$ cat protein15.csv   # CSV, C-alpha atoms
chain,number,residue,atom,x,y,z
A,3,MET,CA,46.3,131.8,-16.1
A,4,GLN,CA,44.8,132.4,-12.7
A,5,SER,CA,44.6,129.7,-10.1
A,6,GLN,CA,44.4,131.6,-6.8
A,7,THR,CA,41.4,132.2,-4.6
A,8,ASN,CA,42.6,135.6,-3.6
A,9,PRO,CA,41.3,138.2,-6.1
A,10,GLY,CA,44.2,140.5,-5.2
A,11,THR,CA,46.6,138.1,-6.8
A,12,THR,CA,44.7,137.6,-10.0
A,13,ALA,CA,44.9,141.2,-11.3
A,14,ASP,CA,46.8,140.6,-14.5
A,15,PRO,CA,44.1,140.6,-17.3
A,16,SER,CA,46.7,139.8,-20.0
A,17,SER,CA,47.3,136.4,-18.3
A,18,ARG,CA,43.6,135.5,-18.4
A,19,SER,CA,43.0,131.8,-18.6
A,20,THR,CA,42.0,130.0,-21.8
A,21,GLU,CA,41.1,126.9,-19.8
A,22,PHE,CA,39.4,126.1,-16.6
A,23,VAL,CA,41.9,125.8,-13.8
A,24,PRO,CA,41.1,124.6,-10.3
A,25,VAL,CA,41.2,127.3,-7.6
A,26,GLN,CA,43.8,126.6,-4.8
A,27,GLY,CA,42.3,124.8,-1.9
A,28,GLY,CA,39.2,123.7,-3.7
A,29,GLY,CA,38.3,120.1,-3.3
A,30,GLU,CA,36.9,118.1,-6.3
A,31,THR,CA,34.8,115.5,-4.5
A,32,THR,CA,31.4,116.0,-6.2
A,33,SER,CA,30.3,113.9,-9.1
A,34,ALA,CA,29.9,115.8,-12.4
A,35,ALA,CA,26.7,114.0,-13.2
A,36,ASN,CA,25.2,115.0,-9.9
A,37,LEU,CA,26.2,118.7,-10.4
A,38,LEU,CA,24.8,118.6,-14.0
A,39,ILE,CA,21.5,117.1,-12.9
A,40,THR,CA,21.2,119.5,-10.0
A,41,ALA,CA,21.9,122.5,-12.2
A,42,TYR,CA,19.3,121.5,-14.8
A,43,VAL,CA,16.7,120.7,-12.1
A,44,VAL,CA,17.2,124.1,-10.3
A,45,MET,CA,17.1,126.1,-13.6
A,46,TRP,CA,13.9,124.4,-14.8
A,47,ALA,CA,12.4,124.7,-11.4
A,48,LEU,CA,13.1,128.5,-11.3
A,49,LEU,CA,11.7,128.9,-14.8
A,50,LEU,CA,8.6,126.8,-14.3
A,51,GLY,CA,8.0,128.5,-10.9
A,52,PHE,CA,8.1,131.9,-12.5
A,53,VAL,CA,5.7,130.8,-15.3
A,54,PHE,CA,3.3,129.2,-12.8
A,55,VAL,CA,3.3,132.3,-10.6
A,56,SER,CA,2.7,134.6,-13.6
A,57,TRP,CA,-0.1,132.4,-14.9
A,58,ARG,CA,-1.9,132.3,-11.6
A,59,ARG,CA,-1.5,136.0,-11.1
A,60,GLN,CA,-2.7,136.8,-14.6
A,61,GLY,CA,-5.8,134.7,-14.0
A,62,ARG,CA,-6.6,136.5,-10.7
A,63,VAL,CA,-6.1,139.9,-12.3
A,64,GLU,CA,-8.3,139.1,-15.3
A,65,THR,CA,-11.1,137.8,-13.0
A,66,ARG,CA,-10.8,141.1,-11.0
A,67,ILE,CA,-11.0,143.2,-14.2
A,68,SER,CA,-14.1,141.4,-15.4
A,69,GLU,CA,-15.8,141.8,-11.9
A,70,LEU,CA,-15.0,145.5,-11.8
A,71,GLU,CA,-16.1,146.1,-15.4
A,72,LYS,CA,-19.4,144.3,-14.7
A,73,ALA,CA,-20.0,146.3,-11.6
A,74,LEU,CA,-19.1,149.6,-13.3
A,75,THR,CA,-21.4,148.8,-16.3
A,76,ALA,CA,-24.3,147.9,-13.9
A,77,SER,CA,-23.7,151.1,-11.9
A,78,GLY,CA,-23.7,153.1,-15.2
A,79,SER,CA,-26.9,151.5,-16.4
A,80,LYS,CA,-28.6,152.3,-13.1
A,81,ALA,CA,-27.5,155.9,-13.1
A,82,SER,CA,-28.7,156.4,-16.7
A,83,ALA,CA,-32.0,154.7,-15.8
A,84,ARG,CA,-32.5,157.2,-12.9
A,85,ASP,CA,-31.7,160.1,-15.2
B,29,MET,CA,-5.4,140.2,-26.7
B,30,THR,CA,-6.6,140.4,-30.3
B,31,ARG,CA,-6.6,137.3,-32.4
B,32,PRO,CA,-3.5,138.1,-34.5
B,33,THR,CA,-1.6,138.9,-31.3
B,34,ASP,CA,-2.8,135.6,-29.8
B,35,ARG,CA,-1.5,133.7,-32.8
B,36,LEU,CA,1.9,135.5,-32.7
B,37,PHE,CA,2.2,134.7,-29.0
B,38,TYR,CA,1.4,131.0,-29.5
B,39,ALA,CA,3.8,130.9,-32.5
B,40,LEU,CA,6.5,132.3,-30.2
B,41,LEU,CA,5.6,129.8,-27.5
B,42,ALA,CA,5.9,126.9,-30.0
B,43,ALA,CA,9.2,128.2,-31.4
B,44,THR,CA,10.6,128.5,-27.9
B,45,ALA,CA,9.5,125.0,-26.9
B,46,ALA,CA,10.9,123.5,-30.1
B,47,SER,CA,14.2,125.3,-29.7
B,48,PHE,CA,14.5,124.0,-26.1
B,49,VAL,CA,13.7,120.4,-27.0
B,50,TYR,CA,16.3,120.6,-29.8
B,51,LEU,CA,18.9,122.2,-27.5
B,52,ILE,CA,18.4,119.6,-24.7
B,53,CYS,CA,18.6,116.7,-27.2
B,54,TYR,CA,21.6,118.2,-28.9
B,55,VAL,CA,23.5,119.0,-25.7
B,56,PHE,CA,23.0,115.5,-24.2
B,57,LEU,CA,23.1,113.4,-27.3
B,58,VAL,CA,25.5,115.1,-29.7
B,59,THR,CA,27.8,117.5,-27.9
B,60,PRO,CA,31.0,115.8,-26.8
B,61,VAL,CA,32.1,115.8,-23.1
B,62,ALA,CA,34.6,118.6,-22.5
B,63,GLN,CA,38.1,118.2,-21.1
B,64,LEU,CA,38.4,117.6,-17.3
B,65,GLN,CA,39.8,121.1,-16.6
B,66,ALA,CA,36.5,122.5,-17.9
B,67,GLY,CA,34.5,120.2,-15.6
B,68,GLY,CA,34.1,117.2,-17.9
B,69,LEU,CA,30.4,116.2,-18.0
B,70,ALA,CA,29.5,119.2,-15.8
B,71,GLN,CA,30.7,121.5,-18.6
B,72,LYS,CA,27.3,120.8,-20.3
B,73,ILE,CA,25.9,123.4,-17.8
B,74,PHE,CA,27.7,126.0,-20.0
B,75,TYR,CA,25.1,125.7,-22.8
B,76,PHE,CA,22.4,127.1,-20.5
B,77,HIS,CA,24.5,129.1,-18.1
B,78,VAL,CA,26.1,131.5,-20.7
B,79,PRO,CA,22.8,132.0,-22.6
B,80,SER,CA,21.1,132.8,-19.3
B,81,ALA,CA,23.7,135.5,-18.6
B,82,TYR,CA,23.1,136.8,-22.1
B,83,ALA,CA,19.3,136.8,-21.5
B,84,MET,CA,19.8,138.7,-18.3
B,85,TYR,CA,21.7,141.4,-20.3
B,86,LEU,CA,18.9,141.4,-22.9
B,87,CYS,CA,16.2,141.9,-20.3
B,88,GLY,CA,18.3,144.4,-18.4
B,89,GLY,CA,18.7,146.3,-21.7
B,90,VAL,CA,14.9,146.2,-22.3
B,91,CYS,CA,14.4,147.5,-18.7
B,92,CYS,CA,16.9,150.3,-19.3
B,93,VAL,CA,15.4,151.5,-22.6
B,94,ALA,CA,11.8,151.3,-21.3
B,95,SER,CA,12.8,153.0,-18.0
B,96,GLY,CA,14.5,155.8,-20.0
B,97,LEU,CA,11.5,156.3,-22.2
B,98,TYR,CA,9.2,156.3,-19.1
B,99,LEU,CA,11.3,159.0,-17.5
B,100,TYR,CA,11.1,161.0,-20.8
B,101,SER,CA,7.4,160.5,-21.3
B,102,PRO,CA,5.5,158.4,-18.7
B,103,SER,CA,2.9,155.8,-19.9
B,104,ASP,CA,1.5,152.6,-18.5
B,105,ALA,CA,3.0,150.6,-21.4
B,106,ARG,CA,6.5,151.9,-20.9
B,107,ASP,CA,6.3,151.2,-17.1
B,108,ALA,CA,5.0,147.7,-17.8
B,109,VAL,CA,7.8,146.9,-20.1
B,110,ALA,CA,10.4,148.3,-17.7
B,111,ARG,CA,8.9,146.2,-14.8
B,112,ALA,CA,8.8,143.1,-17.0
B,113,GLY,CA,12.5,143.7,-18.0
B,114,ALA,CA,13.6,143.9,-14.3
B,115,GLU,CA,11.5,140.8,-13.3
B,116,CYS,CA,12.9,138.7,-16.2
B,117,ALA,CA,16.5,139.9,-15.5
B,118,VAL,CA,16.0,138.6,-11.9
B,119,LEU,CA,14.9,135.2,-13.3
B,120,PHE,CA,17.7,134.8,-15.8
B,121,GLY,CA,20.2,136.2,-13.2
B,122,SER,CA,19.0,133.6,-10.7
B,123,MET,CA,19.3,130.8,-13.3
B,124,MET,CA,22.9,132.0,-14.0
B,125,LEU,CA,23.8,132.4,-10.4
B,126,THR,CA,22.6,128.9,-9.4
B,127,SER,CA,24.0,127.0,-12.4
B,128,GLY,CA,27.4,128.8,-12.4
B,129,PRO,CA,28.5,127.7,-8.9
B,130,LEU,CA,27.5,124.1,-9.6
B,131,TRP,CA,29.7,124.1,-12.7
B,132,ALA,CA,32.4,126.0,-10.9
B,133,LYS,CA,32.5,123.3,-8.2
B,134,LYS,CA,33.8,120.9,-10.8
B,135,ALA,CA,35.9,123.3,-12.9
B,136,TRP,CA,37.4,125.4,-10.2
B,137,GLY,CA,36.9,123.1,-7.1
B,138,VAL,CA,34.8,125.7,-5.3
B,139,TYR,CA,31.2,126.9,-5.6
B,140,TRP,CA,32.1,130.6,-5.3
B,141,THR,CA,35.1,132.8,-5.5
B,142,TRP,CA,35.1,136.6,-5.4
B,143,ASP,CA,36.2,136.8,-9.0
B,144,PRO,CA,35.6,140.4,-10.5
B,145,GLN,CA,33.0,139.0,-13.0
B,146,LEU,CA,31.1,137.1,-10.4
B,147,THR,CA,31.1,140.0,-8.0
B,148,THR,CA,29.8,142.5,-10.6
B,149,LEU,CA,27.2,140.1,-11.8
B,150,LEU,CA,25.9,139.5,-8.3
B,151,LEU,CA,25.7,143.3,-7.9
B,152,SER,CA,23.8,143.7,-11.1
B,153,VAL,CA,21.3,141.0,-10.2
B,154,LEU,CA,20.8,142.7,-6.8
B,155,VAL,CA,20.0,146.0,-8.5
B,156,TYR,CA,17.2,144.2,-10.5
B,157,VAL,CA,16.0,142.5,-7.3
B,158,SER,CA,15.8,145.9,-5.6
B,159,ILE,CA,13.6,147.2,-8.5
B,160,VAL,CA,11.3,144.2,-8.2
B,161,VAL,CA,11.1,144.5,-4.4
B,162,LEU,CA,10.4,148.2,-4.7
B,163,ARG,CA,7.6,147.7,-7.3
B,164,THR,CA,6.1,144.8,-5.3
B,165,PHE,CA,6.0,146.4,-1.8
B,166,ALA,CA,6.1,150.2,-2.3
B,167,GLY,CA,2.9,150.5,-4.4
B,168,ASN,CA,2.4,151.6,-7.9
B,169,GLY,CA,2.4,155.4,-7.6
B,170,GLU,CA,4.0,157.9,-9.9
B,171,ALA,CA,7.0,158.5,-7.5
B,172,GLU,CA,7.7,154.7,-7.1
B,173,ARG,CA,7.5,154.2,-10.8
B,174,LYS,CA,10.0,157.0,-11.5
B,175,PHE,CA,12.3,155.8,-8.8
B,176,ALA,CA,12.2,152.3,-10.2
B,177,SER,CA,12.8,153.7,-13.7
B,178,ALA,CA,15.9,155.6,-12.5
B,179,LEU,CA,17.2,152.4,-10.9
B,180,GLY,CA,16.5,150.5,-14.1
B,181,VAL,CA,18.7,153.0,-16.1
B,182,LEU,CA,21.4,153.2,-13.5
B,183,GLY,CA,21.4,149.5,-12.8
B,184,THR,CA,22.0,148.7,-16.5
B,185,VAL,CA,25.2,150.9,-16.5
B,186,ASN,CA,26.7,148.0,-14.4
B,187,LEU,CA,26.2,145.5,-17.3
B,188,PRO,CA,29.2,146.7,-19.4
B,189,VAL,CA,31.2,146.8,-16.2
B,190,ILE,CA,30.6,143.0,-15.9
B,191,HIS,CA,32.1,142.4,-19.3
B,192,TYR,CA,35.0,144.8,-18.9
B,193,SER,CA,35.8,143.8,-15.2
B,194,VAL,CA,37.4,140.6,-16.4
B,195,LEU,CA,39.4,142.4,-19.1
B,196,LYS,CA,40.5,145.1,-16.6
B,197,TRP,CA,41.0,143.0,-13.4
B,198,GLY,CA,41.4,139.5,-14.7
B,199,GLY,CA,39.9,136.7,-12.6
B,200,ASN,CA,39.1,133.0,-12.8
B,201,HIS,CA,36.7,133.2,-15.8
B,202,PRO,CA,38.5,131.8,-18.8
B,203,ILE,CA,38.2,133.1,-22.4
B,204,VAL,CA,35.8,130.5,-23.9
B,205,VAL,CA,33.5,132.4,-26.2
B,206,THR,CA,36.1,133.8,-28.6
B,207,ARG,CA,38.2,132.2,-31.3
B,208,SER,CA,41.4,133.0,-29.4
B,209,GLY,CA,40.3,131.0,-26.4
B,210,GLY,CA,39.1,127.5,-26.5
B,211,GLY,CA,38.4,126.4,-22.9
B,212,GLY,CA,35.0,125.1,-23.8
B,213,LEU,CA,34.6,125.3,-27.6
B,214,HIS,CA,37.1,122.9,-29.1
B,215,HIS,CA,34.5,121.1,-31.2
B,216,ALA,CA,32.1,122.4,-33.8
B,217,ALA,CA,29.2,120.7,-32.0
B,218,MET,CA,30.0,122.8,-28.9
B,219,THR,CA,29.8,126.1,-30.8
B,220,HIS,CA,26.5,124.9,-32.4
B,221,ALA,CA,25.0,124.0,-29.0
B,222,LEU,CA,26.0,127.4,-27.6
B,223,LEU,CA,24.5,129.3,-30.5
B,224,THR,CA,21.3,127.2,-30.2
B,225,GLY,CA,21.3,128.1,-26.5
B,226,PHE,CA,21.5,131.8,-27.4
B,227,LEU,CA,18.6,131.4,-29.8
B,228,ALA,CA,16.5,129.5,-27.3
B,229,MET,CA,17.1,132.0,-24.5
B,230,THR,CA,16.3,134.9,-26.8
B,231,LEU,CA,13.0,133.4,-27.7
B,232,LEU,CA,12.3,132.6,-24.0
B,233,ALA,CA,13.2,136.1,-22.9
B,234,GLY,CA,10.9,137.5,-25.6
B,235,LEU,CA,8.1,135.3,-24.5
B,236,LEU,CA,8.5,136.0,-20.8
B,237,LEU,CA,8.9,139.8,-21.4
B,238,TRP,CA,5.7,139.8,-23.4
B,239,SER,CA,3.7,137.9,-20.8
B,240,ARG,CA,5.0,139.9,-17.8
B,241,ALA,CA,4.4,143.2,-19.6
B,242,ARG,CA,0.9,142.1,-20.3
B,243,LEU,CA,0.4,141.2,-16.6
B,244,ALA,CA,1.8,144.6,-15.5
B,245,LEU,CA,-0.6,146.3,-17.9
B,246,SER,CA,-3.5,144.3,-16.5
B,247,VAL,CA,-2.5,145.3,-13.0
B,248,SER,CA,-2.5,148.9,-14.1
B,249,ARG,CA,-6.0,148.4,-15.6
B,250,VAL,CA,-7.3,147.0,-12.3
B,251,GLU,CA,-6.0,150.0,-10.5
B,252,HIS,CA,-7.7,152.4,-12.9
B,253,LEU,CA,-11.0,150.5,-12.6
B,254,GLU,CA,-10.7,150.5,-8.8
B,255,GLU,CA,-10.2,154.2,-8.9
B,256,GLN,CA,-13.4,154.5,-11.0
B,257,ALA,CA,-15.2,152.2,-8.6
B,258,ILE,CA,-14.2,154.2,-5.6
B,259,ALA,CA,-15.2,157.4,-7.3
B,260,THR,CA,-18.7,156.0,-8.0
B,261,GLY,CA,-19.0,154.6,-4.5
B,262,LEU,CA,-19.1,150.9,-5.6
B,263,ILE,CA,-16.2,149.9,-3.3
B,264,ASP,CA,-14.8,151.5,-0.2
B,265,TYR,CA,-11.3,153.0,-0.2

$ encode --input "protein15.csv" --output "structure tokens"
Amino acid sequence: MQSQTNPGTTADPSSRSTEFVPVQGGGETTSAANLLITAYVVMWALLLGFVFVSWRRQGRVETRISELEKALTASGSKASARD
Amino acid sequence: MTRPTDRLFYALLAATAASFVYLICYVFLVTPVAQLQAGGLAQKIFYFHVPSAYAMYLCGGVCCVASGLYLYSPSDARDAVARAGAECAVLFGSMMLTSGPLWAKKAWGVYWTWDPQLTTLLLSVLVYVSIVVLRTFAGNGEAERKFASALGVLGTVNLPVIHYSVLKWGGNHPIVVTRSGGGGLHHAAMTHALLTGFLAMTLLAGLLLWSRARLALSVSRVEHLEEQAIATGLIDY
């Protein structure tokens, strides 16, 4: 079971912990409910931010594709009309 | 997208949403609070934290395979999947690296310690961050794609090191996801919640990989169209 902060003193893998043990010097002053809520809020914010950025970028890229395709089609029609 | 693909995408979206609603309800309403050494109420972070780590491995694996295939025979689709894999690995890695310290504060008393598993995990996430930064700021040329693919393959080599680091060098991470351990899984409902977390994160990873690969393919299409437009003199270089 490891309980030290110094990684150099936790080198025995066979004595790996089967429980959660406080690290020496660590202070337990924060409420578990606050930590739980913060973790869930941060995780969902990261995920929703990622989805929102992807969605906006996809929209911009699709608009650009349709603009370019229209321009290229119009240019192709003009060229064939000239020929 | 064609209509059958659309339907499949929305089915995956619905399954992902349903699995997350079920997971959140189950974790908060059914799963018992863990022992104080595991963080008590804060241990409920575990049911998202560990599946996030697994999803990062999954996306890293996808990035590695697609990068390897791209190096073997380059194509836009393989590059798009490799890029999507790296981007999703960064997302899941960030979720893991933000939720873990908050749980550790309660279970270990500190937000961070240079535990071998934490250090190797951080290194792995930084490798995927470097791929994303490279692809975002260094352009989309052949050389950049190949360099990012090589990083994608080499970066994934670090993933098994994360797992074996704790077996080789020990550390603060306890054995909780095995039958011989028991730090977090003393109750059947805890195991069920964890397995549901793995399922939900697998579906989410699939959904995000799909949408980001589609975005990367669309970006490649824009570049091809712009090249055509420049060649025909429609737009200036």

$ residues_around --input "protein15.csv" --residues "Thr32 in chain A" --least-positions-apart "4" --cutoff "9 Å" --atoms "all atoms listed in the file" --output "mmCIF file with C-alpha atoms, in the coordinates of the input"
data_model
loop_
_atom_site.group_PDB
_atom_site.id
_atom_site.type_symbol
_atom_site.label_atom_id
_atom_site.label_comp_id
_atom_site.auth_asym_id
_atom_site.auth_seq_id
_atom_site.Cartn_x
_atom_site.Cartn_y
_atom_site.Cartn_z
ATOM 1 C CA ASN A 36 25.200 115.000 -9.900
ATOM 2 C CA LEU A 37 26.200 118.700 -10.400
ATOM 3 C CA LYS B 133 32.500 123.300 -8.200
ATOM 4 C CA LYS B 134 33.800 120.900 -10.800
#

$ atom_distance --input "protein15.csv" --atom1 "CA of Arg249 in chain B" --atom2 "CA of Leu235 in chain B"
21.2 Å

$ atom_distance --input "protein15.csv" --atom1 "CA of Asp34 in chain B" --atom2 "CA of Thr164 in chain B"
27.6 Å

$ closest_residue --input "protein15.csv" --among "B:Thr147, B:Ser103, B:Thr59, B:Thr230" --to "chain A" --atoms "only C-alpha atoms"
B:Thr147

$ residues_around --input "protein15.csv" --residues "Cys116 in chain B" --least-positions-apart "5" --cutoff "10 Å" --atoms "all atoms listed in the file" --output "PyMOL selection string"
(chain A and resi 49+52) or (chain B and resi 83-84+86-88+90-91+111+121-122+156+160+232-234+236-237+240)

$ closest_residue --input "protein15.csv" --among "B:Ala178, B:Leu57, B:Ala42, B:Ala112" --to "chain A" --atoms "all atoms listed in the file"
B:Ala112

$ atom_distance --input "protein15.csv" --atom1 "CA of Leu70 in chain A" --atom2 "CA of Ala114 in chain B"
28.8 Å

$ residues_around --input "protein15.csv" --residues "Val157 in chain B" --least-positions-apart "3" --cutoff "8 Å" --atoms "only C-alpha atoms" --output "ChimeraX atom specification"
/B:114-115,118,153-154,160-161

$ write_last_selection --input "protein15.csv" --atoms "C-alpha atoms" --output "PDB file, in the coordinates of the input"
ATOM      1  CA  ALA B 114      13.600 143.900 -14.300  1.00  0.00           C
ATOM      2  CA  GLU B 115      11.500 140.800 -13.300  1.00  0.00           C
ATOM      3  CA  VAL B 118      16.000 138.600 -11.900  1.00  0.00           C
ATOM      4  CA  VAL B 153      21.300 141.000 -10.200  1.00  0.00           C
ATOM      5  CA  LEU B 154      20.800 142.700  -6.800  1.00  0.00           C
ATOM      6  CA  VAL B 160      11.300 144.200  -8.200  1.00  0.00           C
ATOM      7  CA  VAL B 161      11.100 144.500  -4.400  1.00  0.00           C
TER       8      VAL B 161
END

$ closest_residue --input "protein15.csv" --among "A:Gly51, A:Ala41, A:Arg58, A:Thr65" --to "chain B" --atoms "all atoms listed in the file"
A:Ala41

$ closest_residue --input "protein15.csv" --among "B:Val58, B:Ala132, B:Ala110, B:Val49" --to "Ala34 in chain A" --atoms "all atoms listed in the file"
B:Ala132

$ residues_around --input "protein15.csv" --residues "Trp46 in chain A" --least-positions-apart "2" --cutoff "12 Å" --atoms "only C-alpha atoms" --output "list in words"
Ile39, Thr40, Ala41, Tyr42, Val43, Val44, Leu48, Leu49, Leu50, Gly51, Phe52, Val53 and Phe54 of chain A; Phe48, Ile52, Phe76, Ser80, Leu119, Phe120, Ser122, Met123, Met124, Thr126 and Ser127 of chain B
